[in-house]
$ cat query.pdb   # PDB, C-alpha atoms and all ligand atoms
MODEL        1
ATOM      1  CA  MET A 675      -5.186 -20.959   7.299
ATOM      2  CA  SER A 676      -5.006 -18.948  10.482
ATOM      3  CA  TRP A 677      -5.339 -15.201  10.527
ATOM      4  CA  GLY A 678      -2.828 -12.920  12.148
ATOM      5  CA  LEU A 679      -3.399  -9.800  14.227
ATOM      6  CA  ILE A 680      -3.807  -7.647  11.103
ATOM      7  CA  SER A 681      -6.551  -8.868   8.775
ATOM      8  CA  GLU A 682      -6.548  -6.252   5.997
ATOM      9  CA  MET A 683      -4.567  -3.468   4.464
ATOM     10  CA  GLY A 684      -6.723  -0.481   5.367
ATOM     11  CA  TYR A 685      -5.741   2.753   3.650
ATOM     12  CA  VAL A 686      -2.911   4.914   2.357
ATOM     13  CA  GLY A 687      -2.700   8.522   3.535
ATOM     14  CA  LEU A 688      -0.645  10.967   1.451
ATOM     15  CA  GLN A 689       0.059  14.655   1.841
ATOM     16  CA  THR A 690      -0.099  16.614  -1.385
ATOM     17  CA  THR A 691       0.788  20.126  -2.470
ATOM     18  CA  ASN A 692      -1.869  19.948  -5.200
ATOM     19  CA  LEU A 693      -5.082  18.474  -3.848
ATOM     20  CA  ALA A 694      -7.082  19.040  -7.044
ATOM     21  CA  ASP A 695      -4.564  17.264  -9.270
ATOM     22  CA  SER A 696      -4.208  14.414  -6.774
ATOM     23  CA  VAL A 697      -7.981  13.921  -6.697
ATOM     24  CA  PHE A 698      -7.989  13.996 -10.522
ATOM     25  CA  ASP A 699      -5.373  11.215 -10.556
ATOM     26  CA  ALA A 700      -7.400   9.113  -8.133
ATOM     27  CA  THR A 701     -10.835   9.620  -9.688
ATOM     28  CA  GLN A 702     -10.164  10.111 -13.418
ATOM     29  CA  ILE A 703      -7.033   8.015 -13.965
ATOM     30  CA  LEU A 704      -7.166   5.247 -11.347
ATOM     31  CA  GLY A 705     -10.960   5.289 -10.961
ATOM     32  CA  LEU A 706     -11.658   5.651  -7.239
ATOM     33  CA  ARG A 707     -14.748   7.439  -5.865
ATOM     34  CA  GLU A 708     -14.637  10.435  -3.587
ATOM     35  CA  THR A 709     -16.577   9.430  -0.471
ATOM     36  CA  ASP A 710     -16.060  12.440   1.811
ATOM     37  CA  ARG A 711     -14.252  15.752   2.096
ATOM     38  CA  ASP A 712     -13.390  18.116   4.932
ATOM     39  CA  ALA A 713     -11.453  21.363   5.212
ATOM     40  CA  ASN A 714      -8.121  20.003   4.014
ATOM     41  CA  ALA A 715      -8.592  16.330   3.141
ATOM     42  CA  VAL A 716     -10.362  14.236   0.511
ATOM     43  CA  TYR A 717     -11.363  10.621   1.192
ATOM     44  CA  LEU A 718     -11.489   8.086  -1.622
ATOM     45  CA  SER A 719     -12.467   4.453  -1.939
ATOM     46  CA  ALA A 720     -12.712   1.706  -4.520
ATOM     47  CA  GLY A 721     -15.354  -0.225  -2.574
ATOM     48  CA  GLU A 722     -17.575   0.176   0.435
ATOM     49  CA  ALA A 723     -15.031   1.384   2.977
ATOM     50  CA  HIS A 724     -15.183   5.070   3.903
ATOM     51  CA  HIS A 725     -11.612   5.496   2.715
ATOM     52  CA  GLU A 726      -8.812   3.466   1.201
ATOM     53  CA  LEU A 727      -6.876   6.552   0.065
ATOM     54  CA  VAL A 728      -6.756   9.943   1.790
ATOM     55  CA  TYR A 729      -5.150  13.069   0.353
ATOM     56  CA  VAL A 730      -4.319  15.773   2.870
ATOM     57  CA  GLU A 731      -3.527  19.235   1.497
ATOM     58  CA  SER A 732      -0.054  20.270   2.624
ATOM     59  CA  ASP A 733       3.002  22.316   1.745
ATOM     60  CA  VAL A 734       4.914  19.079   1.104
ATOM     61  CA  ASN A 735       4.375  15.880  -0.838
ATOM     62  CA  GLY A 736       4.890  12.925   1.472
ATOM     63  CA  VAL A 737       3.498   9.892   3.252
ATOM     64  CA  ASP A 738       0.978  10.874   5.926
ATOM     65  CA  GLY A 739       0.536   7.302   7.161
ATOM     66  CA  PHE A 740      -0.613   3.761   6.511
ATOM     67  CA  GLY A 741      -3.834   2.353   7.972
ATOM     68  CA  LEU A 742      -3.972  -1.328   8.916
ATOM     69  CA  VAL A 743      -7.115  -3.157  10.089
ATOM     70  CA  ALA A 744      -6.758  -5.263  13.260
ATOM     71  CA  SER A 745      -8.607  -8.567  13.126
ATOM     72  CA  ASP A 746     -10.645  -7.706  16.260
ATOM     73  CA  GLY A 747     -10.535  -5.724  19.505
ATOM     74  CA  ASP A 748      -8.244  -8.235  21.221
ATOM     75  CA  ALA A 749      -5.790  -8.034  18.332
ATOM     76  CA  LEU A 750      -5.873  -4.234  18.529
ATOM     77  CA  ARG A 751      -5.019  -4.346  22.249
ATOM     78  CA  GLN A 752      -2.280  -6.908  21.672
ATOM     79  CA  ILE A 753      -0.612  -4.811  18.962
ATOM     80  CA  ARG A 754      -0.861  -1.710  21.137
ATOM     81  CA  SER A 755       0.906  -3.428  23.999
ATOM     82  CA  ARG A 756       3.652  -4.676  21.641
ATOM     83  CA  VAL A 757       4.102  -1.143  20.286
ATOM     84  CA  GLN A 758       4.396   0.238  23.824
ATOM     85  CA  ASP A 759       6.782  -2.528  24.894
ATOM     86  CA  GLU A 760       9.029  -1.714  21.925
ATOM     87  CA  GLY A 761       9.034   1.984  22.808
ATOM     88  CA  PHE A 762       7.540   3.345  19.588
ATOM     89  CA  ARG A 763       5.976   6.792  19.980
ATOM     90  CA  ILE A 764       2.169   6.750  20.004
ATOM     91  CA  VAL A 765       0.982   9.991  18.368
ATOM     92  CA  ASN A 766      -2.773   9.371  18.545
ATOM     93  CA  SER A 767      -4.375   7.250  21.240
ATOM     94  CA  LYS A 768      -7.769   7.489  19.504
ATOM     95  CA  PRO A 769      -8.679   7.165  15.806
ATOM     96  CA  ARG A 770      -7.212  10.042  13.805
ATOM     97  CA  LEU A 771     -10.342  10.419  11.665
ATOM     98  CA  ASP A 772     -14.092  10.259  12.178
ATOM     99  CA  GLY A 773     -15.901   7.075  11.333
ATOM    100  CA  ILE A 774     -13.467   4.638  12.943
ATOM    101  CA  GLU A 775     -14.629   2.773  16.050
ATOM    102  CA  ASP A 776     -11.307   2.320  17.827
ATOM    103  CA  GLY A 777      -7.645   2.644  17.002
ATOM    104  CA  PHE A 778      -4.328   4.333  17.636
ATOM    105  CA  ALA A 779      -1.394   5.604  15.604
ATOM    106  CA  PHE A 780       2.330   5.369  16.189
ATOM    107  CA  VAL A 781       5.538   6.308  14.432
ATOM    108  CA  GLY A 782       7.290   3.135  13.355
ATOM    109  CA  PRO A 783      10.758   2.507  11.929
ATOM    110  CA  GLU A 784      12.210   5.171   9.618
ATOM    111  CA  GLY A 785       9.442   7.654  10.448
ATOM    112  CA  PHE A 786       6.510   5.870   8.834
ATOM    113  CA  LEU A 787       3.244   6.356  10.739
ATOM    114  CA  PHE A 788       0.951   3.351  11.156
ATOM    115  CA  GLU A 789      -2.662   3.641  12.301
ATOM    116  CA  ILE A 790      -4.054   0.347  13.610
ATOM    117  CA  TYR A 791      -7.842   0.280  13.859
ATOM    118  CA  ILE A 792     -11.118  -1.627  13.838
ATOM    119  CA  GLY A 793     -14.608  -0.731  12.701
ATOM    120  CA  MET A 794     -14.330   1.709   9.815
ATOM    121  CA  GLN A 795     -17.738   2.980   8.722
ATOM    122  CA  LYS A 796     -19.035   2.286   5.232
ATOM    123  CA  ALA A 797     -19.096   4.917   2.530
ATOM    124  CA  GLY A 798     -22.516   6.533   2.383
ATOM    125  CA  ARG A 799     -22.965   6.191  -1.349
ATOM    126  CA  VAL A 800     -21.542   3.377  -3.431
ATOM    127  CA  GLU A 801     -21.411   3.994  -7.174
ATOM    128  CA  ARG A 802     -19.570   1.622  -9.442
ATOM    129  CA  THR A 803     -17.025   3.163 -11.776
ATOM    130  CA  PHE A 804     -14.347   1.916 -14.154
ATOM    131  CA  GLY A 805     -11.949   1.694 -11.216
ATOM    132  CA  PRO A 806     -10.258  -1.107  -9.278
ATOM    133  CA  ASP A 807     -11.955  -3.434  -6.800
ATOM    134  CA  ARG A 808      -9.888  -2.518  -3.775
ATOM    135  CA  TYR A 809      -6.642  -1.291  -2.287
ATOM    136  CA  GLY A 810      -4.131  -4.127  -2.244
ATOM    137  CA  HIS A 811      -0.626  -3.338  -1.065
ATOM    138  CA  ILE A 812       2.174  -0.883  -0.578
ATOM    139  CA  ASN A 813       5.762  -1.200  -1.654
ATOM    140  CA  PHE A 814       8.287   0.800   0.242
ATOM    141  CA  HIS A 815      12.011   1.180   0.237
ATOM    142  CA  PRO A 816      13.416   1.215   3.784
ATOM    143  CA  ARG A 817      17.060   1.926   4.375
ATOM    144  CA  ASP A 818      17.167  -0.988   6.848
ATOM    145  CA  VAL A 819      15.080  -3.450   4.874
ATOM    146  CA  THR A 820      15.775  -6.438   7.129
ATOM    147  CA  GLY A 821      14.979  -4.356  10.222
ATOM    148  CA  MET A 822      11.628  -3.348   8.696
ATOM    149  CA  MET A 823      10.847  -6.955   7.804
ATOM    150  CA  LYS A 824      11.544  -8.052  11.386
ATOM    151  CA  PHE A 825       9.425  -5.199  12.794
ATOM    152  CA  LEU A 826       6.461  -6.127  10.575
ATOM    153  CA  HIS A 827       6.700  -9.740  11.701
ATOM    154  CA  ARG A 828       7.397  -9.144  15.401
ATOM    155  CA  VAL A 829       4.958  -6.283  16.068
ATOM    156  CA  LEU A 830       2.313  -6.518  13.335
ATOM    157  CA  ASP A 831       2.330 -10.292  12.764
ATOM    158  CA  PHE A 832       3.006 -10.195   9.003
ATOM    159  CA  ARG A 833       4.318 -13.422   7.450
ATOM    160  CA  LEU A 834       7.084 -13.770   4.927
ATOM    161  CA  SER A 835       6.015 -14.880   1.422
ATOM    162  CA  ASP A 836       9.099 -14.314  -0.759
ATOM    163  CA  THR A 837      12.625 -13.020  -0.291
ATOM    164  CA  ILE A 838      15.018 -11.670  -2.914
ATOM    165  CA  GLY A 839      18.760 -11.664  -2.456
ATOM    166  CA  ASP A 840      20.594 -11.100   0.790
ATOM    167  CA  ASP A 841      19.192  -8.143   2.751
ATOM    168  CA  TYR A 842      17.570  -6.824  -0.461
ATOM    169  CA  ALA A 843      13.780  -7.440  -0.641
ATOM    170  CA  TYR A 844      10.962  -9.077   1.314
ATOM    171  CA  PHE A 845       7.302  -9.640   0.407
ATOM    172  CA  MET A 846       5.025  -9.934   3.450
ATOM    173  CA  ARG A 847       1.371 -10.859   3.893
ATOM    174  CA  CYS A 848      -1.326 -10.375   6.529
ATOM    175  CA  ASN A 849      -4.035 -12.417   4.741
ATOM    176  CA  PRO A 850      -4.156 -14.653   1.634
ATOM    177  CA  ASP A 851      -2.840 -11.886  -0.657
ATOM    178  CA  HIS A 852       0.790 -12.778  -1.417
ATOM    179  CA  HIS A 853       1.889  -9.369  -0.168
ATOM    180  CA  GLY A 854       0.243  -6.512   1.648
ATOM    181  CA  ILE A 855       3.605  -4.881   2.231
ATOM    182  CA  ALA A 856       6.625  -5.330  -0.019
ATOM    183  CA  LEU A 857      10.043  -4.037   1.021
ATOM    184  CA  ILE A 858      12.974  -3.302  -1.264
ATOM    185  CA  ARG A 859      16.149  -1.817   0.138
ATOM    186  CA  GLY A 860      16.364   1.877  -0.715
ATOM    187  CA  GLU A 861      16.312   5.441   0.529
ATOM    188  CA  GLY A 862      13.454   5.416   3.045
ATOM    189  CA  THR A 863      10.591   6.107   0.621
ATOM    190  CA  LEU A 864       7.150   4.829  -0.256
ATOM    191  CA  HIS A 865       7.575   3.652  -3.834
ATOM    192  CA  HIS A 866       4.019   2.671  -4.770
ATOM    193  CA  HIS A 867       0.513   1.935  -3.594
ATOM    194  CA  ALA A 868      -1.311  -0.793  -5.489
ATOM    195  CA  TRP A 869      -4.919  -1.506  -6.454
ATOM    196  CA  GLN A 870      -6.498  -4.795  -7.469
ATOM    197  CA  THR A 871      -8.632  -5.180 -10.551
ATOM    198  CA  GLN A 872     -10.360  -8.158 -12.193
ATOM    199  CA  SER A 873      -8.776  -8.336 -15.603
ATOM    200  CA  ILE A 874      -5.643  -7.518 -17.542
ATOM    201  CA  ALA A 875      -7.963  -5.636 -19.917
ATOM    202  CA  ASP A 876      -8.371  -2.997 -17.191
ATOM    203  CA  LEU A 877      -4.615  -2.365 -17.343
ATOM    204  CA  SER A 878      -4.849  -1.476 -21.013
ATOM    205  CA  LYS A 879      -7.727   0.904 -20.269
ATOM    206  CA  LEU A 880      -5.538   2.590 -17.656
ATOM    207  CA  GLY A 881      -2.904   3.110 -20.349
ATOM    208  CA  ASP A 882      -5.563   4.598 -22.638
ATOM    209  CA  ARG A 883      -6.768   7.026 -19.956
ATOM    210  CA  LEU A 884      -3.208   8.209 -19.343
ATOM    211  CA  ASN A 885      -2.591   8.599 -23.062
ATOM    212  CA  ALA A 886      -5.770  10.680 -23.420
ATOM    213  CA  VAL A 887      -4.337  13.314 -21.077
ATOM    214  CA  GLY A 888      -0.787  13.222 -22.450
ATOM    215  CA  ARG A 889       0.680  10.981 -19.763
ATOM    216  CA  GLU A 890       1.990   7.445 -19.810
ATOM    217  CA  LEU A 891       2.602   4.227 -17.990
ATOM    218  CA  ILE A 892       6.143   4.116 -16.627
ATOM    219  CA  TRP A 893       6.284   0.308 -16.712
ATOM    220  CA  GLY A 894       4.126  -2.648 -17.686
ATOM    221  CA  PRO A 895       2.042  -4.553 -18.112
ATOM    222  CA  VAL A 896       4.540  -7.051 -16.714
ATOM    223  CA  ARG A 897       4.206 -10.443 -14.997
ATOM    224  CA  HIS A 898       6.050 -10.301 -11.710
ATOM    225  CA  GLY A 899       7.801 -13.421 -10.477
ATOM    226  CA  ALA A 900       7.464 -12.554  -6.791
ATOM    227  CA  GLY A 901       3.689 -12.484  -6.248
ATOM    228  CA  HIS A 902       2.861 -13.533  -9.810
ATOM    229  CA  ASN A 903       0.716 -10.405 -10.365
ATOM    230  CA  ILE A 904       0.326  -8.723 -13.734
ATOM    231  CA  ALA A 905       0.977  -5.042 -13.102
ATOM    232  CA  ALA A 906       1.188  -1.628 -14.749
ATOM    233  CA  TYR A 907       2.427   1.592 -13.160
ATOM    234  CA  PHE A 908       2.063   5.349 -13.457
ATOM    235  CA  VAL A 909       3.339   8.285 -11.402
ATOM    236  CA  GLU A 910       0.800  10.346  -9.518
ATOM    237  CA  THR A 911       0.977  14.062  -8.709
ATOM    238  CA  THR A 912       2.653  13.558  -5.319
ATOM    239  CA  GLY A 913       5.582  11.732  -6.928
ATOM    240  CA  ALA A 914       4.512   8.338  -5.620
ATOM    241  CA  VAL A 915       3.915   5.516  -8.085
ATOM    242  CA  VAL A 916       0.507   3.844  -8.461
ATOM    243  CA  GLU A 917       0.159   0.190  -9.497
ATOM    244  CA  LEU A 918      -2.911  -1.434 -11.006
ATOM    245  CA  TYR A 919      -2.650  -5.223 -10.877
ATOM    246  CA  THR A 920      -4.501  -8.486 -11.333
ATOM    247  CA  ASP A 921      -3.874 -12.206 -10.726
ATOM    248  CA  LEU A 922      -1.854 -11.908  -7.502
ATOM    249  CA  GLU A 923      -0.870 -15.228  -5.884
ATOM    250  CA  GLN A 924      -3.161 -16.229  -3.009
ATOM    251  CA  ILE A 925      -1.661 -18.192  -0.111
ATOM    252  CA  TYR A 926      -3.965 -20.369   1.994
ATOM    253  CA  ASP A 927      -1.302 -22.716   3.319
ATOM    254  CA  ASP A 928       0.297 -21.500   6.568
ATOM    255  CA  SER A 929       3.159 -23.935   6.072
ATOM    256  CA  ARG A 930       4.146 -22.570   2.642
ATOM    257  CA  SER A 931       7.850 -21.846   2.879
ATOM    258  CA  PRO A 932       9.075 -18.459   1.640
ATOM    259  CA  VAL A 933      10.108 -18.525  -2.002
ATOM    260  CA  VAL A 934      13.759 -17.524  -2.289
ATOM    261  CA  TRP A 935      14.949 -15.580  -5.356
ATOM    262  CA  SER A 936      18.447 -14.426  -6.100
ATOM    263  CA  GLU A 937      18.853 -10.815  -7.189
ATOM    264  CA  GLY A 938      19.804 -12.063 -10.647
ATOM    265  CA  ASP A 939      16.622 -14.101 -11.177
ATOM    266  CA  ASN A 940      13.971 -12.412 -13.308
ATOM    267  CA  TRP A 941      11.684 -11.924 -10.318
ATOM    268  CA  TRP A 942      10.652  -8.476 -11.595
ATOM    269  CA  ASN A 943       9.197  -9.700 -14.920
ATOM    270  CA  MET A 944       8.668 -13.280 -16.080
ATOM    271  CA  TRP A 945       7.926 -12.067 -19.616
ATOM    272  CA  SER A 946      11.078 -10.076 -20.275
ATOM    273  CA  SER A 947      14.501  -9.479 -18.769
ATOM    274  CA  TYR A 948      14.262  -5.740 -19.549
ATOM    275  CA  ARG A 949      14.592  -3.832 -16.281
ATOM    276  CA  PRO A 950      13.855  -0.101 -16.316
ATOM    277  CA  THR A 951      16.463   1.716 -14.262
ATOM    278  CA  GLU A 952      14.277   4.810 -13.747
ATOM    279  CA  PHE A 953      11.475   2.824 -12.152
ATOM    280  CA  ARG A 954      12.954   2.566  -8.657
ATOM    281  CA  LYS A 955      13.914   6.248  -8.508
ATOM    282  CA  TYR A 956      10.377   7.436  -7.870
ATOM    283  CA  GLY A 957       8.859   7.674  -4.408
ATOM    284  CA  ILE A 958       8.076   9.986  -1.501
ATOM    285  CA  THR A 959       9.343  10.165   2.054
ATOM    286  CA  PRO A 960       7.266  10.175   5.235
ATOM    287  CA  VAL A 961       6.373  13.623   6.574
ATOM    288  CA  VAL A 962       8.388  14.617   9.629
ATOM    289  CA  ARG A 963       6.499  14.380  12.948
TER
HETATM  290 FE    FE B1001       3.433  -3.732  -6.095
ENDMDL
END
$ encode --input "query.pdb" --output "structure tokens" --more "lines below"
Ligand SMILES: [Fe+2]
Amino acid sequence: MSWGLISEMGYVGLQTTNLADSVFDATQILGLRETDRDANAVYLSAGEAHHELVYVESDVNGVDGFGLVASDGDALRQIRSRVQDEGFRIVNSKPRLDGIEDGFAFVGPEGFLFEIYIGMQKAGRVERTFGPDRYGHINFHPRDVTGMMKFLHRVLDFRLSDTIGDDYAYFMRCNPDHHGIALIRGEGTLHHHAWQTQSIADLSKLGDRLNAVGRELIWGPVRHGAGHNIAAYFVETTGAVVELYTDLEQIYDDSRSPVVWSEGDNWWNMWSSYRPTEFRKYGITPVVR
């Protein structure tokens, strides 16, 4: 297996109108640790990285940006030159936050900001909690889903794992995880950010924690067809959905052809044909820059 220019999904940055409730969701429901805090932002992590989730206090709920880790300094330079050649607007020519060795940020298709970087510092203090092992993927709903798929492949070197329908959905990977970024045609929103855990038992504990505070899972546990992960979902304070999952397909064969599903196949749940109509209505848009 060869590695592309992006080696890891780095972090999700969200703007929130209620920082305290967002931090509650992340620490007490999902189970991340707060690693750092400054005047208007809280940094959270499941593992050793300084941050895998950042909440920025704001007067709007929205997507601040997505961090992606370049595989090395050469890859970072190569992506930067592709971004410039394509005419995307670079909004930060240095890392946006302390503790990152090198990086830059640009506004990609449909207003989503991507920060590409290397060398994030480790969190100072690593306590284990009930939470997930790590950040895994995002699922967003571009208006031009095929255009976004082509951008991710052409500029950021993501590979195609599965497709659904004609111009409907694409699952794309940057490492052995079946998808780091999933795309479903929609209204230009981030639908969910997803976190990997070891066992399906952890999904039931998530349901119990939600129940204890009068909230609920909005879907799952289900067994997805595309990606094969077992997943459960809740809505966080910002209006974005959070997924906790386990048992995601791992792809080590570069020559694996994309799996092709029709929209009518039960790609969303191998265990049941029930399909919640409300589920896809959640999500938040990128903040305007
Ligand atoms: Fe997902």
$ residues_around --input "query.pdb" --residues "Gly782 in chain A" --least-positions-apart "6" --cutoff "9 Å" --atoms "only C-alpha atoms" --output "PDB file with C-alpha atoms, keeping the file's coordinate frame"
ATOM      1  CA  VAL A 757       4.102  -1.143  20.286  1.00  0.00           C
ATOM      2  CA  PHE A 762       7.540   3.345  19.588  1.00  0.00           C
ATOM      3  CA  ARG A 763       5.976   6.792  19.980  1.00  0.00           C
ATOM      4  CA  PHE A 788       0.951   3.351  11.156  1.00  0.00           C
ATOM      5  CA  PHE A 825       9.425  -5.199  12.794  1.00  0.00           C
TER       6      PHE A 825
END
$ closest_residue --input "query.pdb" --among "A:Phe832, A:Tyr791, A:Tyr717, A:Phe780" --to "Arg751 in chain A" --atoms "only C-alpha atoms"
A:Tyr791
$ atom_distance --input "query.pdb" --atom1 "CA of Ile855 in chain A" --atom2 "CA of His811 in chain A"
5.6 Å
$ resolve_selection --input "query.pdb" --expression "the PyMOL selection byres (((not hetatm)) within 10 of (chain B and resi 1001))" --output "PyMOL selection string"
chain A and resi 810-814+845+853-857+865-869+898+900-901+903-907+915-919+922
$ closest_residue --input "query.pdb" --among "A:Tyr926, A:Trp941, A:Trp893, A:Trp935" --to "Phe953 in chain A" --atoms "all atoms listed in the file"
A:Trp893
$ closest_residue --input "query.pdb" --among "A:Val934, A:Val887, A:Gly773, A:Thr920" --to "Tyr842 in chain A" --atoms "all atoms listed in the file"
A:Val934
$ closest_residue --input "query.pdb" --among "A:Gly687, A:Gly747, A:Pro950, A:Gly705" --to "Leu727 in chain A" --atoms "all atoms listed in the file"
A:Gly687
